[in-house]
>>> print(open('protein.tsv').read())   # TSV, N, CA and C atoms
chain	number	residue	atom	x	y	z
A	20	MET	N	0.85	-1.15	0.00
A	20	MET	CA	0.00	0.00	0.00
A	20	MET	C	0.90	1.22	0.00
A	21	ALA	N	0.42	2.24	-0.62
A	21	ALA	CA	1.17	3.49	-0.66
A	21	ALA	C	0.57	4.43	0.37
A	22	GLY	N	0.89	4.16	1.58
A	22	GLY	CA	0.36	4.99	2.65
A	22	GLY	C	1.26	6.17	2.87
A	23	GLY	N	0.71	7.35	2.72
A	23	GLY	CA	1.46	8.52	3.11
A	23	GLY	C	1.51	8.51	4.61
A	24	LEU	N	0.78	7.56	5.17
A	24	LEU	CA	0.68	7.34	6.58
A	24	LEU	C	0.21	8.58	7.32
A	25	PRO	N	-0.83	9.22	6.80
A	25	PRO	CA	-1.40	10.32	7.56
A	25	PRO	C	-2.12	9.76	8.77
A	26	TYR	N	-2.19	10.56	9.79
A	26	TYR	CA	-2.94	10.19	10.98
A	26	TYR	C	-4.40	10.26	10.61
A	27	TRP	N	-5.16	9.19	10.77
A	27	TRP	CA	-6.55	9.15	10.33
A	27	TRP	C	-7.42	8.68	11.47
A	28	GLY	N	-8.30	9.52	11.90
A	28	GLY	CA	-9.29	9.08	12.88
A	28	GLY	C	-8.91	9.28	14.32
A	29	GLY	N	-7.66	9.16	14.65
A	29	GLY	CA	-7.22	9.43	16.01
A	29	GLY	C	-7.65	8.39	17.01
A	30	GLU	N	-8.68	8.67	17.73
A	30	GLU	CA	-9.09	7.79	18.82
A	30	GLU	C	-10.03	6.69	18.33
A	31	ALA	N	-10.10	5.68	19.12
A	31	ALA	CA	-11.05	4.60	18.85
A	31	ALA	C	-12.45	5.10	19.14
A	32	ASP	N	-13.43	4.39	18.65
A	32	ASP	CA	-14.81	4.69	19.00
A	32	ASP	C	-14.96	4.53	20.50
A	33	GLY	N	-16.07	4.94	21.04
A	33	GLY	CA	-16.31	4.88	22.47
A	33	GLY	C	-16.12	3.50	23.06
A	34	ASP	N	-16.36	2.45	22.27
A	34	ASP	CA	-16.23	1.10	22.80
A	34	ASP	C	-14.82	0.54	22.63
A	35	GLY	N	-13.89	1.37	22.15
A	35	GLY	CA	-12.51	0.92	22.02
A	35	GLY	C	-12.24	0.11	20.77
A	36	GLU	N	-13.19	0.04	19.87
A	36	GLU	CA	-13.01	-0.72	18.64
A	36	GLU	C	-12.88	0.22	17.45
A	37	LEU	N	-12.33	-0.28	16.37
A	37	LEU	CA	-12.25	0.48	15.14
A	37	LEU	C	-13.60	0.48	14.46
A	38	ASP	N	-14.02	1.62	13.92
A	38	ASP	CA	-15.23	1.59	13.12
A	38	ASP	C	-14.88	0.91	11.81
A	39	SER	N	-15.71	0.05	11.36
A	39	SER	CA	-15.59	-0.70	10.11
A	39	SER	C	-14.35	-1.57	10.02
A	40	VAL	N	-13.67	-1.82	11.13
A	40	VAL	CA	-12.51	-2.71	11.10
A	40	VAL	C	-12.66	-3.74	12.20
A	41	ASN	N	-12.68	-4.98	11.81
A	41	ASN	CA	-12.65	-6.04	12.80
A	41	ASN	C	-11.20	-6.42	12.97
A	42	SER	N	-10.58	-5.96	14.06
A	42	SER	CA	-9.14	-6.17	14.23
A	42	SER	C	-8.78	-7.65	14.27
A	43	ARG	N	-9.66	-8.50	14.77
A	43	ARG	CA	-9.35	-9.93	14.77
A	43	ARG	C	-9.23	-10.47	13.35
A	44	SER	N	-10.05	-9.96	12.44
A	44	SER	CA	-9.99	-10.45	11.07
A	44	SER	C	-8.72	-9.99	10.37
A	45	LEU	N	-8.09	-8.91	10.87
A	45	LEU	CA	-6.85	-8.43	10.27
A	45	LEU	C	-5.65	-9.26	10.70
A	46	GLU	N	-5.72	-9.84	11.89
A	46	GLU	CA	-4.60	-10.61	12.39
A	46	GLU	C	-4.41	-11.86	11.54
A	47	ASN	N	-3.24	-11.98	10.94
A	47	ASN	CA	-2.84	-13.12	10.11
A	47	ASN	C	-3.72	-13.30	8.87
A	48	ASN	N	-4.63	-12.39	8.59
A	48	ASN	CA	-5.47	-12.52	7.41
A	48	ASN	C	-4.86	-11.83	6.20
A	49	HIS	N	-3.82	-11.05	6.40
A	49	HIS	CA	-3.24	-10.29	5.29
A	49	HIS	C	-2.63	-11.17	4.22
A	50	MET	N	-2.36	-12.43	4.52
A	50	MET	CA	-1.81	-13.33	3.50
A	50	MET	C	-2.75	-13.48	2.32
A	51	ASN	N	-4.05	-13.39	2.55
A	51	ASN	CA	-5.02	-13.51	1.48
A	51	ASN	C	-5.33	-12.17	0.81
A	52	THR	N	-5.06	-11.08	1.51
A	52	THR	CA	-5.49	-9.77	1.01
A	52	THR	C	-4.35	-8.91	0.49
A	53	LEU	N	-3.11	-9.28	0.80
A	53	LEU	CA	-1.95	-8.49	0.40
A	53	LEU	C	-0.88	-9.40	-0.20
A	54	PHE	N	0.00	-8.80	-1.01
A	54	PHE	CA	1.18	-9.53	-1.46
A	54	PHE	C	2.35	-8.57	-1.57
A	55	LEU	N	3.57	-9.11	-1.45
A	55	LEU	CA	4.77	-8.31	-1.61
A	55	LEU	C	5.18	-8.31	-3.06
A	56	GLY	N	5.52	-7.15	-3.57
A	56	GLY	CA	5.98	-7.01	-4.94
A	56	GLY	C	7.09	-5.97	-4.99
A	57	LYS	N	7.48	-5.59	-6.19
A	57	LYS	CA	8.54	-4.61	-6.40
A	57	LYS	C	7.93	-3.29	-6.82
A	58	SER	N	8.46	-2.22	-6.26
A	58	SER	CA	8.09	-0.87	-6.69
A	58	SER	C	9.38	-0.12	-6.96
A	59	LYS	N	9.25	1.15	-7.33
A	59	LYS	CA	10.46	1.93	-7.59
A	59	LYS	C	11.30	2.12	-6.32
A	60	LEU	N	10.70	1.88	-5.15
A	60	LEU	CA	11.41	2.01	-3.88
A	60	LEU	C	11.96	0.68	-3.37
A	61	GLY	N	11.72	-0.40	-4.09
A	61	GLY	CA	12.13	-1.73	-3.64
A	61	GLY	C	10.90	-2.56	-3.34
A	62	LYS	N	10.97	-3.39	-2.31
A	62	LYS	CA	9.82	-4.22	-1.93
A	62	LYS	C	8.69	-3.31	-1.46
A	63	ALA	N	7.46	-3.73	-1.78
A	63	ALA	CA	6.29	-2.95	-1.39
A	63	ALA	C	5.10	-3.88	-1.22
A	64	VAL	N	4.09	-3.38	-0.51
A	64	VAL	CA	2.86	-4.13	-0.26
A	64	VAL	C	1.82	-3.73	-1.30
A	65	PHE	N	1.19	-4.73	-1.90
A	65	PHE	CA	0.16	-4.51	-2.91
A	65	PHE	C	-1.14	-5.20	-2.49
A	66	ALA	N	-2.24	-4.63	-2.92
A	66	ALA	CA	-3.56	-5.19	-2.61
A	66	ALA	C	-3.80	-6.45	-3.44
A	67	ASN	N	-4.24	-7.50	-2.81
A	67	ASN	CA	-4.62	-8.74	-3.50
A	67	ASN	C	-6.14	-8.85	-3.58
A	68	LYS	N	-6.82	-7.74	-3.25
A	68	LYS	CA	-8.27	-7.65	-3.32
A	68	LYS	C	-8.61	-6.17	-3.36
A	69	ASN	N	-9.84	-5.85	-3.67
A	69	ASN	CA	-10.30	-4.46	-3.60
A	69	ASN	C	-10.57	-4.10	-2.14
A	70	PHE	N	-10.13	-2.91	-1.73
A	70	PHE	CA	-10.41	-2.40	-0.40
A	70	PHE	C	-11.31	-1.17	-0.55
A	71	LYS	N	-12.33	-1.09	0.28
A	71	LYS	CA	-13.22	0.08	0.28
A	71	LYS	C	-12.68	1.11	1.27
A	72	ARG	N	-12.95	2.37	0.99
A	72	ARG	CA	-12.56	3.45	1.88
A	72	ARG	C	-13.05	3.13	3.30
A	73	GLY	N	-12.17	3.26	4.27
A	73	GLY	CA	-12.51	2.98	5.66
A	73	GLY	C	-12.23	1.56	6.09
A	74	GLU	N	-11.90	0.68	5.15
A	74	GLU	CA	-11.66	-0.72	5.47
A	74	GLU	C	-10.25	-0.91	6.03
A	75	GLY	N	-10.12	-1.77	7.04
A	75	GLY	CA	-8.82	-2.09	7.60
A	75	GLY	C	-8.00	-2.94	6.64
A	76	ILE	N	-6.71	-2.67	6.58
A	76	ILE	CA	-5.82	-3.39	5.67
A	76	ILE	C	-4.89	-4.33	6.44
A	77	ILE	N	-4.19	-3.79	7.44
A	77	ILE	CA	-3.24	-4.59	8.20
A	77	ILE	C	-2.97	-3.90	9.53
A	78	GLU	N	-2.61	-4.68	10.52
A	78	GLU	CA	-2.17	-4.12	11.79
A	78	GLU	C	-0.65	-4.06	11.79
A	79	PHE	N	-0.11	-2.92	12.22
A	79	PHE	CA	1.33	-2.80	12.38
A	79	PHE	C	1.73	-3.51	13.66
A	80	LYS	N	2.74	-4.34	13.57
A	80	LYS	CA	3.26	-5.07	14.73
A	80	LYS	C	4.74	-4.71	14.86
A	81	GLY	N	5.36	-5.19	15.87
A	81	GLY	CA	6.79	-4.94	16.04
A	81	GLY	C	7.06	-4.46	17.44
A	82	PRO	N	8.32	-4.49	17.82
A	82	PRO	CA	8.69	-4.11	19.18
A	82	PRO	C	8.61	-2.60	19.40
A	83	LEU	N	8.28	-2.21	20.62
A	83	LEU	CA	8.29	-0.82	21.01
A	83	LEU	C	9.74	-0.42	21.28
A	84	ILE	N	10.17	0.67	20.64
A	84	ILE	CA	11.57	1.10	20.75
A	84	ILE	C	11.59	2.57	21.16
A	85	LYS	N	12.42	2.88	22.13
A	85	LYS	CA	12.59	4.27	22.56
A	85	LYS	C	13.55	4.98	21.61
A	86	ARG	N	13.40	6.29	21.49
A	86	ARG	CA	14.23	7.09	20.56
A	86	ARG	C	15.71	6.81	20.76
A	87	ASN	N	16.17	6.75	22.00
A	87	ASN	CA	17.60	6.55	22.25
A	87	ASN	C	18.07	5.13	21.93
A	88	GLU	N	17.14	4.22	21.61
A	88	GLU	CA	17.49	2.85	21.24
A	88	GLU	C	17.47	2.62	19.73
A	89	LEU	N	17.05	3.65	18.96
A	89	LEU	CA	16.97	3.50	17.51
A	89	LEU	C	18.36	3.29	16.92
A	90	PRO	N	18.48	2.35	15.99
A	90	PRO	CA	19.78	2.19	15.32
A	90	PRO	C	19.99	3.34	14.33
A	91	GLU	N	21.23	3.54	13.93
A	91	GLU	CA	21.51	4.53	12.90
A	91	GLU	C	20.97	3.99	11.58
A	92	ILE	N	20.15	4.78	10.92
A	92	ILE	CA	19.54	4.36	9.65
A	92	ILE	C	20.33	5.01	8.52
A	93	THR	N	20.93	4.17	7.69
A	93	THR	CA	21.80	4.68	6.63
A	93	THR	C	21.18	4.63	5.24
A	94	THR	N	20.16	3.78	5.07
A	94	THR	CA	19.51	3.71	3.77
A	94	THR	C	17.99	3.72	3.96
A	95	GLN	N	17.30	4.09	2.90
A	95	GLN	CA	15.84	4.11	2.94
A	95	GLN	C	15.29	2.72	3.24
A	96	GLU	N	15.93	1.69	2.73
A	96	GLU	CA	15.48	0.32	2.96
A	96	GLU	C	15.57	-0.08	4.43
A	97	ASP	N	16.46	0.57	5.19
A	97	ASP	CA	16.62	0.26	6.61
A	97	ASP	C	15.59	0.98	7.48
A	98	ASP	N	14.88	1.95	6.92
A	98	ASP	CA	13.95	2.75	7.72
A	98	ASP	C	12.59	2.06	7.79
A	99	ARG	N	12.44	1.18	8.75
A	99	ARG	CA	11.20	0.42	8.95
A	99	ARG	C	10.61	0.72	10.32
A	100	TYR	N	10.74	1.97	10.75
A	100	TYR	CA	10.28	2.40	12.06
A	100	TYR	C	9.17	3.42	11.91
A	101	ILE	N	8.15	3.33	12.77
A	101	ILE	CA	7.04	4.28	12.75
A	101	ILE	C	7.02	4.99	14.09
A	102	GLN	N	7.06	6.31	14.04
A	102	GLN	CA	6.98	7.06	15.29
A	102	GLN	C	5.54	7.04	15.78
A	103	ILE	N	5.35	6.60	17.03
A	103	ILE	CA	4.00	6.48	17.58
A	103	ILE	C	3.80	7.37	18.81
A	104	GLY	N	4.84	8.01	19.23
A	104	GLY	CA	4.78	8.93	20.37
A	104	GLY	C	5.98	9.84	20.32
A	105	LYS	N	6.05	10.76	21.28
A	105	LYS	CA	7.14	11.74	21.29
A	105	LYS	C	8.51	11.05	21.20
A	106	ASP	N	8.73	10.03	22.00
A	106	ASP	CA	10.00	9.32	22.01
A	106	ASP	C	9.83	7.82	21.82
A	107	GLU	N	8.72	7.41	21.20
A	107	GLU	CA	8.43	5.98	21.00
A	107	GLU	C	8.26	5.66	19.52
A	108	TYR	N	8.78	4.52	19.15
A	108	TYR	CA	8.70	4.03	17.77
A	108	TYR	C	8.26	2.57	17.79
A	109	LEU	N	7.62	2.16	16.72
A	109	LEU	CA	7.31	0.76	16.51
A	109	LEU	C	8.37	0.24	15.54
A	110	GLY	N	9.08	-0.79	15.94
A	110	GLY	CA	10.15	-1.34	15.12
A	110	GLY	C	9.65	-2.34	14.10
A	111	PRO	N	10.56	-2.84	13.28
A	111	PRO	CA	10.19	-3.82	12.25
A	111	PRO	C	9.64	-5.10	12.86
A	112	SER	N	8.65	-5.65	12.19
A	112	SER	CA	8.01	-6.89	12.66
A	112	SER	C	8.52	-8.12	11.92
A	113	GLY	N	9.14	-7.89	10.75
A	113	GLY	CA	9.54	-9.02	9.92
A	113	GLY	C	8.39	-9.52	9.05
A	114	ASP	N	7.33	-8.72	8.92
A	114	ASP	CA	6.14	-9.12	8.17
A	114	ASP	C	5.78	-8.03	7.16
A	115	PHE	N	4.63	-8.16	6.53
A	115	PHE	CA	4.17	-7.26	5.48
A	115	PHE	C	4.20	-5.79	5.89
A	116	ASP	N	3.85	-5.51	7.15
A	116	ASP	CA	3.75	-4.11	7.59
A	116	ASP	C	5.09	-3.38	7.48
A	117	ASP	N	6.20	-4.09	7.41
A	117	ASP	CA	7.50	-3.46	7.25
A	117	ASP	C	7.68	-2.84	5.86
A	118	PHE	N	6.85	-3.21	4.92
A	118	PHE	CA	7.05	-2.79	3.53
A	118	PHE	C	5.98	-1.83	3.02
A	119	VAL	N	5.24	-1.22	3.94
A	119	VAL	CA	4.29	-0.17	3.55
A	119	VAL	C	5.12	1.09	3.29
A	120	ASN	N	5.01	1.63	2.10
A	120	ASN	CA	5.81	2.78	1.70
A	120	ASN	C	5.06	4.09	1.85
A	121	HIS	N	5.81	5.15	1.97
A	121	HIS	CA	5.26	6.51	2.03
A	121	HIS	C	4.82	6.94	0.63
A	122	SER	N	3.80	7.79	0.57
A	122	SER	CA	3.35	8.38	-0.69
A	122	SER	C	2.91	9.81	-0.43
A	123	CYS	N	3.19	10.69	-1.39
A	123	CYS	CA	2.68	12.07	-1.30
A	123	CYS	C	1.20	12.12	-1.71
A	124	ASP	N	0.71	11.05	-2.31
A	124	ASP	CA	-0.70	10.93	-2.67
A	124	ASP	C	-1.20	9.60	-2.09
A	125	PRO	N	-1.35	9.53	-0.77
A	125	PRO	CA	-1.63	8.25	-0.11
A	125	PRO	C	-3.02	7.70	-0.38
A	126	ASN	N	-3.12	6.37	-0.34
A	126	ASN	CA	-4.42	5.70	-0.43
A	126	ASN	C	-4.79	5.05	0.90
A	127	SER	N	-3.91	5.19	1.89
A	127	SER	CA	-4.15	4.59	3.20
A	127	SER	C	-3.51	5.45	4.28
A	128	GLY	N	-3.97	5.24	5.51
A	128	GLY	CA	-3.44	6.00	6.63
A	128	GLY	C	-3.49	5.18	7.90
A	129	ILE	N	-2.86	5.71	8.93
A	129	ILE	CA	-2.76	5.02	10.20
A	129	ILE	C	-3.91	5.43	11.12
A	130	LYS	N	-4.44	4.45	11.83
A	130	LYS	CA	-5.43	4.71	12.86
A	130	LYS	C	-4.95	4.05	14.14
A	131	PHE	N	-4.90	4.83	15.21
A	131	PHE	CA	-4.50	4.32	16.52
A	131	PHE	C	-5.74	3.83	17.27
A	132	VAL	N	-5.62	2.67	17.90
A	132	VAL	CA	-6.63	2.17	18.81
A	132	VAL	C	-5.87	1.75	20.05
A	133	GLY	N	-5.90	2.60	21.05
A	133	GLY	CA	-5.06	2.38	22.22
A	133	GLY	C	-3.61	2.43	21.79
A	134	LYS	N	-2.88	1.37	22.06
A	134	LYS	CA	-1.47	1.30	21.64
A	134	LYS	C	-1.30	0.50	20.35
A	135	ARG	N	-2.40	0.14	19.71
A	135	ARG	CA	-2.34	-0.63	18.46
A	135	ARG	C	-2.46	0.30	17.27
A	136	LEU	N	-1.79	-0.05	16.17
A	136	LEU	CA	-1.80	0.75	14.94
A	136	LEU	C	-2.34	-0.08	13.80
A	137	PHE	N	-3.25	0.51	13.03
A	137	PHE	CA	-3.83	-0.16	11.88
A	137	PHE	C	-3.66	0.70	10.64
A	138	LEU	N	-3.46	0.06	9.51
A	138	LEU	CA	-3.45	0.75	8.22
A	138	LEU	C	-4.87	0.65	7.67
A	139	ILE	N	-5.46	1.79	7.35
A	139	ILE	CA	-6.85	1.89	6.90
A	139	ILE	C	-6.88	2.51	5.52
A	140	ALA	N	-7.73	2.01	4.64
A	140	ALA	CA	-7.89	2.61	3.32
A	140	ALA	C	-8.58	3.97	3.46
A	141	ILE	N	-7.96	5.04	2.96
A	141	ILE	CA	-8.60	6.35	2.98
A	141	ILE	C	-9.21	6.68	1.63
A	142	LYS	N	-9.00	5.78	0.66
A	142	LYS	CA	-9.62	5.84	-0.66
A	142	LYS	C	-9.96	4.40	-1.01
A	143	ASN	N	-10.81	4.21	-1.99
A	143	ASN	CA	-11.00	2.86	-2.52
A	143	ASN	C	-9.69	2.45	-3.17
A	144	ILE	N	-9.28	1.22	-2.93
A	144	ILE	CA	-8.01	0.71	-3.49
A	144	ILE	C	-8.33	-0.52	-4.32
A	145	ARG	N	-7.93	-0.48	-5.58
A	145	ARG	CA	-8.17	-1.62	-6.48
A	145	ARG	C	-7.12	-2.69	-6.30
A	146	LYS	N	-7.52	-3.93	-6.53
A	146	LYS	CA	-6.61	-5.06	-6.49
A	146	LYS	C	-5.41	-4.77	-7.39
A	147	GLY	N	-4.22	-5.05	-6.90
A	147	GLY	CA	-3.00	-4.85	-7.68
A	147	GLY	C	-2.31	-3.51	-7.43
A	148	LYS	N	-2.98	-2.61	-6.72
A	148	LYS	CA	-2.39	-1.30	-6.43
A	148	LYS	C	-1.48	-1.37	-5.22
A	149	GLU	N	-0.43	-0.55	-5.24
A	149	GLU	CA	0.48	-0.47	-4.11
A	149	GLU	C	-0.20	0.27	-2.97
>>> encode(input="protein.tsv", output="structure tokens")
Amino acid sequence: MAGGLPYWGGEADGDGELDSVNSRSLENNHMNTLFLGKSKLGKAVFANKNFKRGEGIIEFKGPLIKRNELPEITTQEDDRYIQIGKDEYLGPSGDFDDFVNHSCDPNSGIKFVGKRLFLIAIKNIRKGKE
């Protein structure tokens, strides 16, 4: 997905759940809905199905890392960290979420639910699109 990774939605609904996203269905389900391919930036995540605006795509996983624990990043390919707080980052998970790329014209964005992060379609995304 070409997520410019804008902050989308902010807080969870009053019941602590994502609107229009069943987080349980996102866990380990991305194998059927996403695939890794090549883009001009290297490896990237592509849709293996159509996603509707507001639909959950994947949950970001990975270890919580403090700013002072971040490794020196020397190449764009090494930058697999998402800042989630003033001095907190989510590190690489070793899974699909590590390959979501930035875009100046994003089709997806991040939604926080407590300490969990989800990639949500902010536009309709056709099968085969990054």
>>> atom_distance(input="protein.tsv", atom1="CA of Phe131 (chain A)", atom2="CA of Tyr108 (chain A)")
13.3 Å
>>> atom_distance(input="protein.tsv", atom1="CA of Arg72 (chain A)", atom2="atom C of Leu136 (chain A)")
16.1 Å
>>> closest_residue(input="protein.tsv", among="A:Asn87, A:Asn120, A:Asn69, A:Asn143", to="Ile101 (chain A)", atoms="only C-alpha atoms")
A:Asn120
>>> atom_distance(input="protein.tsv", atom1="atom N of Glu74 (chain A)", atom2="atom C of Ala140 (chain A)")
5.0 Å
>>> closest_residue(input="protein.tsv", among="A:Leu60, A:Leu109, A:Val119, A:Ala66", to="Leu83 (chain A)", atoms="only N, CA and C atoms")
A:Leu109
>>> closest_residue(input="protein.tsv", among="A:Pro90, A:Gly56, A:Gly73, A:Gly61", to="Ile141 (chain A)", atoms="all atoms listed in the file")
A:Gly73
>>> residues_near_point(input="protein.tsv", point="(7.1, -7.1, 7.7)", cutoff="10 Å", atoms="only C-alpha atoms", output="list of chain:residue names")
A:Leu55, A:Val64, A:Phe79, A:Lys80, A:Gly81, A:Arg99, A:Gly110, A:Pro111, A:Ser112, A:Gly113, A:Asp114, A:Phe115, A:Asp116, A:Asp117, A:Phe118, A:Val119
>>> decode(input="protein.tsv", residues="region 64-75 of chain A", atoms="N, CA, C and O atoms", output="PDB file, in the first residue's frame")
ATOM      1  N   VAL A  64       4.090  -3.383  -0.507  1.00  0.00           N
ATOM      2  CA  VAL A  64       2.864  -4.127  -0.257  1.00  0.00           C
ATOM      3  C   VAL A  64       1.824  -3.729  -1.299  1.00  0.00           C
ATOM      4  O   VAL A  64       1.610  -2.540  -1.549  1.00  0.00           O
ATOM      5  N   PHE A  65       1.186  -4.731  -1.900  1.00  0.00           N
ATOM      6  CA  PHE A  65       0.155  -4.514  -2.912  1.00  0.00           C
ATOM      7  C   PHE A  65      -1.137  -5.204  -2.490  1.00  0.00           C
ATOM      8  O   PHE A  65      -1.106  -6.231  -1.813  1.00  0.00           O
ATOM      9  N   ALA A  66      -2.238  -4.633  -2.924  1.00  0.00           N
ATOM     10  CA  ALA A  66      -3.555  -5.190  -2.610  1.00  0.00           C
ATOM     11  C   ALA A  66      -3.803  -6.445  -3.444  1.00  0.00           C
ATOM     12  O   ALA A  66      -3.617  -6.433  -4.663  1.00  0.00           O
ATOM     13  N   ASN A  67      -4.245  -7.503  -2.807  1.00  0.00           N
ATOM     14  CA  ASN A  67      -4.622  -8.737  -3.499  1.00  0.00           C
ATOM     15  C   ASN A  67      -6.141  -8.850  -3.579  1.00  0.00           C
ATOM     16  O   ASN A  67      -6.678  -9.898  -3.890  1.00  0.00           O
ATOM     17  N   LYS A  68      -6.817  -7.745  -3.247  1.00  0.00           N
ATOM     18  CA  LYS A  68      -8.273  -7.645  -3.319  1.00  0.00           C
ATOM     19  C   LYS A  68      -8.612  -6.165  -3.364  1.00  0.00           C
ATOM     20  O   LYS A  68      -7.751  -5.323  -3.136  1.00  0.00           O
ATOM     21  N   ASN A  69      -9.838  -5.848  -3.667  1.00  0.00           N
ATOM     22  CA  ASN A  69     -10.297  -4.462  -3.598  1.00  0.00           C
ATOM     23  C   ASN A  69     -10.574  -4.102  -2.139  1.00  0.00           C
ATOM     24  O   ASN A  69     -11.162  -4.889  -1.409  1.00  0.00           O
ATOM     25  N   PHE A  70     -10.129  -2.913  -1.730  1.00  0.00           N
ATOM     26  CA  PHE A  70     -10.413  -2.399  -0.398  1.00  0.00           C
ATOM     27  C   PHE A  70     -11.309  -1.175  -0.548  1.00  0.00           C
ATOM     28  O   PHE A  70     -11.048  -0.322  -1.398  1.00  0.00           O
ATOM     29  N   LYS A  71     -12.335  -1.090   0.279  1.00  0.00           N
ATOM     30  CA  LYS A  71     -13.218   0.079   0.281  1.00  0.00           C
ATOM     31  C   LYS A  71     -12.677   1.108   1.268  1.00  0.00           C
ATOM     32  O   LYS A  71     -12.053   0.756   2.274  1.00  0.00           O
ATOM     33  N   ARG A  72     -12.946   2.372   0.986  1.00  0.00           N
ATOM     34  CA  ARG A  72     -12.557   3.455   1.876  1.00  0.00           C
ATOM     35  C   ARG A  72     -13.047   3.134   3.297  1.00  0.00           C
ATOM     36  O   ARG A  72     -14.179   2.717   3.496  1.00  0.00           O
ATOM     37  N   GLY A  73     -12.171   3.263   4.274  1.00  0.00           N
ATOM     38  CA  GLY A  73     -12.506   2.982   5.663  1.00  0.00           C
ATOM     39  C   GLY A  73     -12.228   1.555   6.091  1.00  0.00           C
ATOM     40  O   GLY A  73     -12.279   1.243   7.279  1.00  0.00           O
ATOM     41  N   GLU A  74     -11.904   0.683   5.151  1.00  0.00           N
ATOM     42  CA  GLU A  74     -11.658  -0.724   5.469  1.00  0.00           C
ATOM     43  C   GLU A  74     -10.251  -0.910   6.026  1.00  0.00           C
ATOM     44  O   GLU A  74      -9.288  -0.301   5.559  1.00  0.00           O
ATOM     45  N   GLY A  75     -10.120  -1.769   7.039  1.00  0.00           N
ATOM     46  CA  GLY A  75      -8.816  -2.091   7.600  1.00  0.00           C
ATOM     47  C   GLY A  75      -8.002  -2.941   6.644  1.00  0.00           C
ATOM     48  O   GLY A  75      -8.543  -3.807   5.956  1.00  0.00           O
TER      49      GLY A  75
END
